[in-house]
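Asks: Here you go, this is input-v1.pdb (PDB, C-alpha atoms (C1' of nucleotides)).
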MODEL        1
ATOM      1  CA  MET A   1     -54.712  19.218  19.685
ATOM      2  CA  GLU A   2     -57.998  18.427  18.058
ATOM      3  CA  GLY A   3     -58.674  20.324  14.916
ATOM      4  CA  ASN A   4     -60.735  20.880  11.862
ATOM      5  CA  PRO A   5     -58.557  22.722   9.369
ATOM      6  CA  GLU A   6     -61.495  23.187   7.038
ATOM      7  CA  CYS A   7     -63.217  25.673   9.298
ATOM      8  CA  GLY A   8     -60.077  26.915  11.047
ATOM      9  CA  ARG A   9     -61.145  25.762  14.470
ATOM     10  CA  TYR A  10     -58.830  24.007  16.924
ATOM     11  CA  SER A  11     -58.959  23.020  20.564
ATOM     12  CA  LEU A  12     -56.494  21.593  23.043
ATOM     13  CA  VAL A  13     -56.053  20.837  26.721
ATOM     14  CA  ALA A  14     -52.796  21.725  28.441
ATOM     15  CA  PHE A  15     -51.753  22.496  31.999
ATOM     16  CA  GLY A  16     -55.266  21.718  33.132
ATOM     17  CA  LYS A  17     -56.890  24.260  30.853
ATOM     18  CA  TYR A  18     -58.971  24.077  27.715
ATOM     19  CA  LEU A  19     -58.142  26.380  24.830
ATOM     20  CA  GLU A  20     -59.904  27.055  21.564
ATOM     21  CA  ILE A  21     -58.132  28.674  18.649
ATOM     22  CA  LEU A  22     -59.735  30.150  15.566
ATOM     23  CA  GLN A  23     -57.948  30.932  12.350
ATOM     24  CA  GLN A  24     -59.127  33.117   9.481
ATOM     25  CA  ASN A  25     -56.388  33.428   6.886
ATOM     26  CA  ASP A  26     -53.455  35.004   8.718
ATOM     27  CA  GLN A  27     -55.476  36.019  11.738
ATOM     28  CA  ILE A  28     -55.313  33.771  14.793
ATOM     29  CA  THR A  29     -57.729  34.199  17.700
ATOM     30  CA  PHE A  30     -57.084  32.618  21.094
ATOM     31  CA  VAL A  31     -60.350  32.128  22.951
ATOM     32  CA  CYS A  32     -59.167  32.825  26.493
ATOM     33  CA  SER A  33     -58.666  35.526  29.088
ATOM     34  CA  GLN A  34     -55.857  38.030  28.757
ATOM     35  CA  GLU A  35     -54.387  36.586  31.960
ATOM     36  CA  ASP A  36     -54.160  33.057  30.541
ATOM     37  CA  MET A  37     -52.794  34.410  27.289
ATOM     38  CA  ASP A  38     -49.955  36.203  29.031
ATOM     39  CA  ALA A  39     -49.278  33.700  31.796
ATOM     40  CA  LEU A  40     -49.689  30.480  29.841
ATOM     41  CA  TRP A  41     -50.327  30.388  26.132
ATOM     42  CA  ARG A  42     -47.751  32.959  25.029
ATOM     43  CA  HIS A  43     -45.134  30.762  26.629
ATOM     44  CA  TYR A  44     -46.717  27.472  25.523
ATOM     45  CA  PHE A  45     -46.667  28.449  21.854
ATOM     46  CA  ASP A  46     -43.243  30.081  22.152
ATOM     47  CA  LEU A  47     -44.691  33.249  20.665
ATOM     48  CA  ASP A  48     -41.759  35.469  21.621
ATOM     49  CA  THR A  49     -39.276  33.557  19.495
ATOM     50  CA  ASP A  50     -38.584  34.863  16.003
ATOM     51  CA  TYR A  51     -38.731  31.735  13.870
ATOM     52  CA  GLY A  52     -38.356  33.853  10.754
ATOM     53  CA  SER A  53     -34.806  34.767  11.685
ATOM     54  CA  ILE A  54     -34.022  31.098  12.227
ATOM     55  CA  ILE A  55     -35.250  30.295   8.736
ATOM     56  CA  ARG A  56     -33.272  33.187   7.261
ATOM     57  CA  ASN A  57     -30.105  31.765   8.829
ATOM     58  CA  ILE A  58     -30.386  28.554   6.851
ATOM     59  CA  ASP A  59     -27.586  27.979   4.351
ATOM     60  CA  ALA A  60     -28.952  29.197   1.023
ATOM     61  CA  GLN A  61     -26.953  26.462  -0.713
ATOM     62  CA  ASP A  62     -28.936  23.845   1.192
ATOM     63  CA  THR A  63     -31.928  23.695  -1.098
ATOM     64  CA  TYR A  64     -33.526  20.764   0.695
ATOM     65  CA  LEU A  65     -33.501  22.503   4.072
ATOM     66  CA  CYS A  66     -34.689  25.769   2.535
ATOM     67  CA  SER A  67     -37.618  23.977   0.905
ATOM     68  CA  ALA A  68     -38.457  22.135   4.114
ATOM     69  CA  ALA A  69     -38.406  25.345   6.157
ATOM     70  CA  ALA A  70     -40.520  27.191   3.617
ATOM     71  CA  TYR A  71     -43.000  24.347   3.637
ATOM     72  CA  GLY A  72     -43.132  24.266   7.426
ATOM     73  CA  ASN A  73     -43.186  28.020   7.874
ATOM     74  CA  GLY A  74     -45.395  28.732  10.892
ATOM     75  CA  ILE A  75     -44.437  25.663  12.877
ATOM     76  CA  ARG A  76     -43.600  26.410  16.493
ATOM     77  CA  VAL A  77     -41.896  24.095  18.946
ATOM     78  CA  LEU A  78     -44.288  23.998  21.877
ATOM     79  CA  LYS A  79     -43.355  24.047  25.547
ATOM     80  CA  GLN A  80     -45.521  21.228  26.768
ATOM     81  CA  ASP A  81     -45.883  19.706  30.214
ATOM     82  CA  LEU A  82     -42.928  17.495  31.114
ATOM     83  CA  TRP A  83     -44.787  14.620  32.721
ATOM     84  CA  GLU A  84     -47.397  14.524  29.963
ATOM     85  CA  ILE A  85     -44.724  14.464  27.274
ATOM     86  CA  ILE A  86     -42.770  11.687  28.966
ATOM     87  CA  ILE A  87     -45.789   9.399  28.984
ATOM     88  CA  SER A  88     -46.955  10.481  25.537
ATOM     89  CA  PHE A  89     -43.637   9.606  23.926
ATOM     90  CA  LEU A  90     -43.357   6.335  25.797
ATOM     91  CA  ILE A  91     -46.628   5.516  24.054
ATOM     92  CA  SER A  92     -45.405   6.800  20.684
ATOM     93  CA  GLN A  93     -42.750   4.134  20.148
ATOM     94  CA  GLN A  94     -43.525   1.582  17.427
ATOM     95  CA  ASN A  95     -46.897   3.193  17.138
ATOM     96  CA  ASN A  96     -48.921   5.325  14.749
ATOM     97  CA  ILE A  97     -50.386   8.733  15.418
ATOM     98  CA  LYS A  98     -53.983   7.610  15.288
ATOM     99  CA  ARG A  99     -53.494   4.997  17.961
ATOM    100  CA  ILE A 100     -51.235   7.265  20.024
ATOM    101  CA  ARG A 101     -54.023   9.813  20.243
ATOM    102  CA  LYS A 102     -56.515   7.135  21.185
ATOM    103  CA  CYS A 103     -54.246   5.746  23.915
ATOM    104  CA  ILE A 104     -53.655   9.169  25.437
ATOM    105  CA  GLN A 105     -57.343  10.040  25.265
ATOM    106  CA  THR A 106     -58.203   6.797  27.022
ATOM    107  CA  LEU A 107     -55.621   7.465  29.742
ATOM    108  CA  CYS A 108     -57.018  10.937  30.315
ATOM    109  CA  GLU A 109     -60.612   9.768  30.444
ATOM    110  CA  THR A 110     -59.780   6.862  32.723
ATOM    111  CA  TYR A 111     -57.269   8.405  35.111
ATOM    112  CA  GLY A 112     -57.459  12.155  34.565
ATOM    113  CA  GLU A 113     -59.642  14.693  36.322
ATOM    114  CA  GLN A 114     -62.811  15.667  34.515
ATOM    115  CA  LYS A 115     -63.417  19.383  34.121
ATOM    116  CA  GLN A 116     -65.797  21.757  32.415
ATOM    117  CA  THR A 117     -65.312  25.086  30.711
ATOM    118  CA  GLN A 118     -67.558  28.039  31.498
ATOM    119  CA  THR A 119     -69.338  27.319  28.254
ATOM    120  CA  GLY A 120     -70.099  23.786  29.389
ATOM    121  CA  ILE A 121     -67.573  21.780  27.400
ATOM    122  CA  THR A 122     -66.393  18.680  29.247
ATOM    123  CA  TYR A 123     -62.717  17.757  29.046
ATOM    124  CA  TYR A 124     -60.170  15.607  30.849
ATOM    125  CA  VAL A 125     -56.767  16.718  32.086
ATOM    126  CA  PHE A 126     -53.712  14.510  31.838
ATOM    127  CA  PRO A 127     -53.491  12.058  34.755
ATOM    128  CA  THR A 128     -50.978  12.646  37.542
ATOM    129  CA  PRO A 129     -48.024  10.320  38.258
ATOM    130  CA  GLN A 130     -49.923   9.099  41.327
ATOM    131  CA  ALA A 131     -52.982   8.192  39.307
ATOM    132  CA  LEU A 132     -50.972   6.176  36.778
ATOM    133  CA  ALA A 133     -48.809   4.484  39.403
ATOM    134  CA  GLU A 134     -51.948   3.232  41.102
ATOM    135  CA  ALA A 135     -53.246   1.627  37.927
ATOM    136  CA  SER A 136     -52.761  -2.132  37.693
ATOM    137  CA  MET A 137     -51.027  -3.730  34.717
ATOM    138  CA  GLU A 138     -54.324  -5.277  33.686
ATOM    139  CA  GLU A 139     -55.972  -1.882  33.650
ATOM    140  CA  LEU A 140     -53.179  -0.357  31.609
ATOM    141  CA  TYR A 141     -53.289  -3.194  29.098
ATOM    142  CA  ALA A 142     -57.022  -2.578  28.861
ATOM    143  CA  CYS A 143     -56.166   0.907  27.610
ATOM    144  CA  ASN A 144     -54.533  -0.783  24.583
ATOM    145  CA  LEU A 145     -51.084   0.407  25.593
ATOM    146  CA  GLY A 146     -49.607  -3.017  24.919
ATOM    147  CA  TYR A 147     -46.076  -3.703  26.099
ATOM    148  CA  ARG A 148     -45.679   0.012  26.861
ATOM    149  CA  SER A 149     -47.852  -0.568  29.915
ATOM    150  CA  ARG A 150     -44.902  -1.644  32.028
ATOM    151  CA  TYR A 151     -42.856   1.316  30.813
ATOM    152  CA  ILE A 152     -45.601   3.647  32.006
ATOM    153  CA  ARG A 153     -46.023   1.916  35.328
ATOM    154  CA  GLN A 154     -42.320   1.848  36.167
ATOM    155  CA  THR A 155     -41.768   5.390  34.964
ATOM    156  CA  ALA A 156     -44.625   6.648  37.128
ATOM    157  CA  GLU A 157     -43.069   4.909  40.108
ATOM    158  CA  SER A 158     -39.604   6.287  39.363
ATOM    159  CA  ILE A 159     -41.059   9.768  39.486
ATOM    160  CA  LEU A 160     -43.017   9.124  42.666
ATOM    161  CA  ASN A 161     -40.117   7.599  44.584
ATOM    162  CA  GLY A 162     -37.818  10.423  43.556
ATOM    163  CA  GLU A 163     -35.463   8.317  41.464
ATOM    164  CA  VAL A 164     -35.845  10.997  38.808
ATOM    165  CA  ASP A 165     -36.730  14.523  39.901
ATOM    166  CA  LEU A 166     -38.893  16.222  37.303
ATOM    167  CA  ALA A 167     -38.489  19.628  38.931
ATOM    168  CA  ALA A 168     -34.721  19.467  38.528
ATOM    169  CA  LEU A 169     -34.762  18.708  34.803
ATOM    170  CA  PRO A 170     -35.507  22.190  33.416
ATOM    171  CA  GLU A 171     -32.387  23.537  35.120
ATOM    172  CA  MET A 172     -30.114  20.975  33.507
ATOM    173  CA  ASP A 173     -28.315  21.417  30.201
ATOM    174  CA  TYR A 174     -29.433  19.285  27.271
ATOM    175  CA  ILE A 175     -26.892  16.478  27.662
ATOM    176  CA  THR A 176     -27.448  16.117  31.397
ATOM    177  CA  ALA A 177     -31.220  16.225  31.105
ATOM    178  CA  LYS A 178     -31.176  13.605  28.355
ATOM    179  CA  ALA A 179     -29.060  11.239  30.448
ATOM    180  CA  GLU A 180     -31.353  11.770  33.411
ATOM    181  CA  LEU A 181     -34.443  10.989  31.324
ATOM    182  CA  MET A 182     -32.869   7.803  30.015
ATOM    183  CA  LYS A 183     -32.843   6.452  33.561
ATOM    184  CA  LEU A 184     -36.581   5.988  33.041
ATOM    185  CA  TYR A 185     -37.589   2.511  31.934
ATOM    186  CA  GLY A 186     -38.740   2.664  28.322
ATOM    187  CA  VAL A 187     -37.008   5.946  27.543
ATOM    188  CA  GLY A 188     -34.248   5.482  24.976
ATOM    189  CA  VAL A 189     -32.250   7.913  22.863
ATOM    190  CA  LYS A 190     -35.032   8.971  20.523
ATOM    191  CA  VAL A 191     -37.754   9.379  23.135
ATOM    192  CA  ALA A 192     -35.381  11.264  25.445
ATOM    193  CA  ASP A 193     -34.626  13.704  22.639
ATOM    194  CA  CYS A 194     -38.332  14.222  22.002
ATOM    195  CA  ILE A 195     -38.909  14.989  25.661
ATOM    196  CA  CYS A 196     -35.964  17.393  25.714
ATOM    197  CA  LEU A 197     -37.281  19.219  22.673
ATOM    198  CA  TYR A 198     -41.022  19.317  23.288
ATOM    199  CA  ALA A 199     -41.120  19.784  27.047
ATOM    200  CA  LEU A 200     -37.750  21.167  28.125
ATOM    201  CA  HIS A 201     -37.292  23.235  24.965
ATOM    202  CA  LYS A 202     -33.712  22.065  24.567
ATOM    203  CA  THR A 203     -33.538  23.152  20.926
ATOM    204  CA  ASP A 204     -30.234  21.342  20.410
ATOM    205  CA  ALA A 205     -32.113  18.070  20.740
ATOM    206  CA  PHE A 206     -32.513  16.510  17.286
ATOM    207  CA  PRO A 207     -34.731  13.420  17.546
ATOM    208  CA  ILE A 208     -33.803  10.831  14.935
ATOM    209  CA  ASP A 209     -36.592   8.436  14.048
ATOM    210  CA  THR A 210     -37.061   6.334  10.949
ATOM    211  CA  HIS A 211     -38.238   9.300   8.859
ATOM    212  CA  ILE A 212     -35.381  11.576   9.843
ATOM    213  CA  ASN A 213     -32.935   8.744   9.431
ATOM    214  CA  HIS A 214     -34.163   8.211   5.908
ATOM    215  CA  VAL A 215     -33.822  11.896   5.051
ATOM    216  CA  LEU A 216     -30.345  12.154   6.556
ATOM    217  CA  ALA A 217     -29.164   9.204   4.496
ATOM    218  CA  ALA A 218     -30.696  10.578   1.295
ATOM    219  CA  GLN A 219     -29.984  14.299   1.672
ATOM    220  CA  TYR A 220     -26.954  14.453   3.955
ATOM    221  CA  PRO A 221     -24.675  11.502   3.147
ATOM    222  CA  GLU A 222     -21.749  13.543   4.508
ATOM    223  CA  GLY A 223     -23.658  14.205   7.726
ATOM    224  CA  PHE A 224     -26.044  16.956   8.806
ATOM    225  CA  PRO A 225     -24.250  20.286   9.449
ATOM    226  CA  PHE A 226     -24.984  20.457  13.188
ATOM    227  CA  ASP A 227     -22.020  22.791  13.690
ATOM    228  CA  ARG A 228     -23.681  25.440  11.581
ATOM    229  CA  TYR A 229     -26.909  25.359  13.559
ATOM    230  CA  VAL A 230     -25.789  25.117  17.162
ATOM    231  CA  GLY A 231     -28.611  26.000  19.525
ATOM    232  CA  TYR A 232     -31.520  25.443  17.164
ATOM    233  CA  SER A 233     -30.946  22.298  15.109
ATOM    234  CA  GLY A 234     -33.993  20.819  16.841
ATOM    235  CA  ILE A 235     -36.205  23.434  15.239
ATOM    236  CA  LEU A 236     -34.795  22.546  11.837
ATOM    237  CA  GLN A 237     -35.524  18.914  12.618
ATOM    238  CA  GLN A 238     -39.177  19.892  12.887
ATOM    239  CA  TYR A 239     -39.164  21.370   9.401
ATOM    240  CA  ILE A 240     -37.460  18.300   7.996
ATOM    241  CA  PHE A 241     -39.826  15.910   9.726
ATOM    242  CA  TYR A 242     -42.959  17.764   8.691
ATOM    243  CA  TYR A 243     -41.721  18.152   5.119
ATOM    244  CA  ASP A 244     -40.814  14.488   4.779
ATOM    245  CA  LEU A 245     -44.017  13.242   6.361
ATOM    246  CA  ASN A 246     -46.423  15.426   4.373
ATOM    247  CA  HIS A 247     -44.768  16.749   1.250
ATOM    248  CA  SER A 248     -42.943  13.639   0.063
ATOM    249  CA  GLY A 249     -45.915  11.542   1.132
ATOM    250  CA  LYS A 250     -48.142  13.479  -1.232
ATOM    251  CA  ILE A 251     -45.733  12.884  -4.070
ATOM    252  CA  GLU A 252     -45.833   9.145  -3.452
ATOM    253  CA  THR A 253     -49.610   9.169  -3.331
ATOM    254  CA  ARG A 254     -49.865  11.031  -6.615
ATOM    255  CA  ARG A 255     -47.534   8.616  -8.327
ATOM    256  CA  LYS A 256     -49.610   5.675  -7.257
ATOM    257  CA  LYS A 257     -52.753   7.147  -8.816
TER     258      LYS A 257
ATOM    259  C1'  DT B   1     -50.565 -13.741   6.275
ATOM    260  C1'  DA B   2     -46.838 -10.509   6.760
ATOM    261  C1'  DT B   3     -45.412  -6.051   7.585
ATOM    262  C1'  DC B   4     -45.106  -1.756   9.731
ATOM    263  C1'  DA B   5     -46.017   2.359  12.613
ATOM    264  C1'  DG B   6     -42.487   8.921  15.102
ATOM    265  C1'  DG B   7     -38.267   2.250  19.666
ATOM    266  C1'  DC B   8     -36.611   0.103  23.667
ATOM    267  C1'  DC B   9     -34.853  -3.630  26.447
ATOM    268  C1'  DC B  10     -32.126  -7.440  26.981
ATOM    269  C1'  DT B  11     -28.916 -10.942  25.831
ATOM    270  C1'  DA B  12     -24.896 -12.700  23.058
ATOM    271  C1'  DG B  13     -20.715 -12.413  20.906
TER     272       DG B  13
ATOM    273  C1'  DC C   1     -20.060  -1.807  21.298
ATOM    274  C1'  DT C   2     -23.015  -3.906  17.868
ATOM    275  C1'  DA C   3     -26.423  -7.102  16.288
ATOM    276  C1'  DG C   4     -30.633  -9.256  16.653
ATOM    277  C1'  DG C   5     -34.944 -11.094  18.721
ATOM    278  C1'  DG C   6     -39.156 -10.043  21.210
ATOM    279  C1'  DC C   7     -42.732  -7.070  22.254
ATOM    280  C1'  DC C   8     -48.959  -5.079  22.210
ATOM    281  C1'  DT C   9     -52.040  -3.609  18.765
ATOM    282  C1'  DG C  10     -54.501  -1.990  14.714
ATOM    283  C1'  DA C  11     -54.216  -0.793   9.794
ATOM    284  C1'  DT C  12     -53.080  -2.103   5.183
TER     285       DT C  12
ENDMDL
END
Represent the structure from my file as C-alpha cells, please.
Replies:
Amino acid sequence: MEGNPECGRYSLVAFGKYLEILQQNDQITFVCSQEDMDALWRHYFDLDTDYGSIIRNIDAQDTYLCSAAAYGNGIRVLKQDLWEIIISFLISQQNNIKRIRKCIQTLCETYGEQKQTQTGITYYVFPTPQALAEASMEELYACNLGYRSRYIRQTAESILNGEVDLAALPEMDYITAKAELMKLYGVGVKVADCICLYALHKTDAFPIDTHINHVLAAQYPEGFPFDRYVGYSGILQQYIFYYDLNHSGKIETRRKK
DNA sequence: TATCAGGCCCTAG
DNA sequence: CTAGGGCCTGAT
C-alpha cells in the first residue's frame, strides 16, 4: 500500500488489480467498480467482520491491551494473496520496512507483469512462482535480496514441483497449515505465523517477533492469556504490534528531544 | 566501526 | 532441545 496520509489518498495492487482509496474524516471511498468491490475488496479488507465486538471482548482489567486496541481501532487483518505473502515475509526477516518495500517493488518491476488502469496509471503485479523460479541467483542478488535470494528460489521451486500445494493450504486448520508452510526453505516459526495470519486468515496465529517478544516480557510476565481469546488472538497481536511500534516509539522520541 | 532491522538454517553439545 | 555463529544490505 502506497499512501499519503496528509491528503487521505492511498493506492495498492492486489490480485492483479489496482485500487485507489480516498479518506475524508470517517468517510472512505473505494475507487472501483461495484463488481470488484463485492467480489474482491470487501473480502480483502475483511469488511464483514465486526472488529468492534472483538475490542469490546477484551478484559477490562487488561489496561495495556485496552489501550493498544483503542489506539489501533480501525485496523483490519487483510486477506492477501498467499504466494505474494510467502515471498514478502521471506524478504521481511532481519530487514526493515523501507528496504522490504524496495525489494518487493524491484521484484514486481523485474519479474511481474506490467499493466495499466483505464486512467493510464502503470503498475506491476506480483510475479508468479514460475517467473521467480526462472530467475538466476545472480539476478535475485541484484535485486538486493541478499541471503534471502536462495530462500526465494528454493521456495518457488517447491511450489512449482508440488512439494507444497498452495491450493490445499486454505482448507487446513492453523496448526496443519503452519507445519506445511515450514517445509518451505526460509520459512520458520515467525514467518509461518505471518503467512497464516495475513494470507490464510488463521486468526489464532500470533506472530512473535522482537517487538512482540519485548511487550510480552514487559506486560505479560505470567504469559499472554491466549485461553481467553481463542480464535482471534492474532487480531489482538496486531493491536499490540501497532501500539508498540508507533505509540511507544513516539514516547522515546519525545524523551530524546 | 559496530549494531540492528518485523529470522532462519545449520551444526554442536 | 537449546545455544550460538553466519548470513546480504542499508541506515544510524
Asks: Residue by residue, what does the PyMOL selection byres ((chain A) within 7 of (chain B)) grab here? Present the result as a list of chain:residue names.
Replies: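 Output from the PyMOL selection byres ((chain A) within 7 of (chain B)), applied to this file: A:Ser92, A:Gln93, A:Gln94, A:Asn95, A:Asn96, A:Gly186, A:Gly188, A:Asp209.
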Asks: Give me the chain A side of the contact with chain C, cut-off 8 Å, one line per residue showing its nearest atom pair and distance in Å at one decimal, counting all atoms listed in the file, sorted by chain and residue number, as JSON lines.
Replies:
{"residue": "A:Arg99", "atom": "CA", "partner": "C:DG10", "partner_atom": "C1'", "distance": 7.8}
{"residue": "A:Asn144", "atom": "CA", "partner": "C:DT9", "partner_atom": "C1'", "distance": 6.9}
{"residue": "A:Leu145", "atom": "CA", "partner": "C:DC8", "partner_atom": "C1'", "distance": 6.8}
{"residue": "A:Gly146", "atom": "CA", "partner": "C:DC8", "partner_atom": "C1'", "distance": 3.5}
{"residue": "A:Tyr147", "atom": "CA", "partner": "C:DC8", "partner_atom": "C1'", "distance": 5.0}
{"residue": "A:Arg148", "atom": "CA", "partner": "C:DC8", "partner_atom": "C1'", "distance": 7.6}
Asks: Just the selected residues (C-alpha atoms), exported as a JSON list (two decimals), keeping the file's coordinate frame, please.
Replies:
[["chain", "number", "residue", "atom", "x", "y", "z"],
["A", 99, "ARG", "CA", -53.49, 5.00, 17.96],
["A", 144, "ASN", "CA", -54.53, -0.78, 24.58],
["A", 145, "LEU", "CA", -51.08, 0.41, 25.59],
["A", 146, "GLY", "CA", -49.61, -3.02, 24.92],
["A", 147, "TYR", "CA", -46.08, -3.70, 26.10],
["A", 148, "ARG", "CA", -45.68, 0.01, 26.86]]
Asks: Between atom CA of Glu84 of chain A and atom CA of Tyr243 of chain A, what is the spacing in Å?
Replies: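 Going from atom CA of Tyr243 of chain A over to atom CA of Glu84 of chain A covers 25.7 Å.
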Asks: Would you work out the distance separating atom CA of Gln80 of chain A from atom CA of Gln105 of chain A, expressed in Å to one decimal?
Replies: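 These two atoms are separated by 16.3 Å.
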Asks: What would the selection look like, as a PyMOL selection string, if the PyMOL selection byres ((chain A and resi 134) around 12) were run on the coordinates I just shared?
Replies: chain A and resi 111+127-133+135-140+152-154+156-157+160
Asks: Please compute the atom CA of Ile240 of chain A-atom CA of Leu200 of chain A distance, one decimal, in Å.
Replies: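 Those two atoms sit 20.3 Å apart.
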Asks: Enumerate, as a compact mmCIF listing (two decimals) with C-alpha atoms, keeping the file's coordinate frame, the residues matched when the PyMOL selection byres ((chain A and resi 221-226) around 12) is run on the file above.
Replies:
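Final output, expr30.txt:
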# COMPACT_ATOMS: atom_id res chain seq x y z
CA ILE A 58 -30.39 28.55 6.85
CA ASP A 59 -27.59 27.98 4.35
CA ASP A 62 -28.94 23.84 1.19
CA TYR A 64 -33.53 20.76 0.70
CA LEU A 65 -33.50 22.50 4.07
CA THR A 203 -33.54 23.15 20.93
CA ASP A 204 -30.23 21.34 20.41
CA ALA A 205 -32.11 18.07 20.74
CA PHE A 206 -32.51 16.51 17.29
CA ILE A 208 -33.80 10.83 14.94
CA ILE A 212 -35.38 11.58 9.84
CA ASN A 213 -32.94 8.74 9.43
CA HIS A 214 -34.16 8.21 5.91
CA VAL A 215 -33.82 11.90 5.05
CA LEU A 216 -30.34 12.15 6.56
CA ALA A 217 -29.16 9.20 4.50
CA ALA A 218 -30.70 10.58 1.30
CA GLN A 219 -29.98 14.30 1.67
CA TYR A 220 -26.95 14.45 3.96
CA ASP A 227 -22.02 22.79 13.69
CA ARG A 228 -23.68 25.44 11.58
CA TYR A 229 -26.91 25.36 13.56
CA VAL A 230 -25.79 25.12 17.16
CA GLY A 231 -28.61 26.00 19.52
CA TYR A 232 -31.52 25.44 17.16
CA SER A 233 -30.95 22.30 15.11
CA GLY A 234 -33.99 20.82 16.84
CA ILE A 235 -36.20 23.43 15.24
CA LEU A 236 -34.80 22.55 11.84
CA GLN A 237 -35.52 18.91 12.62
CA ILE A 240 -37.46 18.30 8.00
Asks: Leaving out Ser88 of chain A and any residue of its chain fewer than 4 positions from it, which residues lie within 9 Å of it when counting all atoms listed in the file, given as number ranges by chain?
Replies: A: 83-84, 92, 100-101, 103-104
Asks: Could you give me the axis-aligned bounding box of segment 62-75 of chain A, with 5 Å of padding per side, as centre plus edge lengths in Å to one decimal, as JSON?
Replies:
{"center_x": -37.2, "center_y": 24.7, "center_z": 5.9, "size_x": 26.5, "size_y": 18.0, "size_z": 24.0}
Asks: Let me make sure I understand: among A:Leu166, A:Ile85, A:Ala192, A:Ile55, which one has the smallest atom-to-atom distance to Ala69 of chain A if we use only C-alpha atoms?
Replies: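 Of A:Leu166, A:Ile85, A:Ala192, A:Ile55, the one nearest Ala69 of chain A is A:Ile55, counting only C-alpha atoms.
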Asks: Provide chain B of the preceding structure as a file containing C-alpha atoms (C1' of nucleotides), as an mmCIF file, in the first residue's frame.
Replies:
data_model
loop_
_atom_site.group_PDB
_atom_site.id
_atom_site.type_symbol
_atom_site.label_atom_id
_atom_site.label_comp_id
_atom_site.auth_asym_id
_atom_site.auth_seq_id
_atom_site.Cartn_x
_atom_site.Cartn_y
_atom_site.Cartn_z
ATOM 1 C "C1'" DT B 1 33.297 0.804 13.189
ATOM 2 C "C1'" DA B 2 29.588 -1.709 15.310
ATOM 3 C "C1'" DT B 3 24.926 -2.591 15.600
ATOM 4 C "C1'" DC B 4 20.442 -3.576 14.163
ATOM 5 C "C1'" DA B 5 16.220 -4.203 11.362
ATOM 6 C "C1'" DG B 6 9.056 -7.394 11.823
ATOM 7 C "C1'" DG B 7 14.672 -14.568 11.440
ATOM 8 C "C1'" DC B 8 16.199 -18.793 9.659
ATOM 9 C "C1'" DC B 9 19.397 -22.523 8.868
ATOM 10 C "C1'" DC B 10 22.762 -25.456 10.387
ATOM 11 C "C1'" DT B 11 25.923 -27.560 13.466
ATOM 12 C "C1'" DA B 12 27.413 -28.884 18.258
ATOM 13 C "C1'" DG B 13 26.806 -30.419 22.670
#
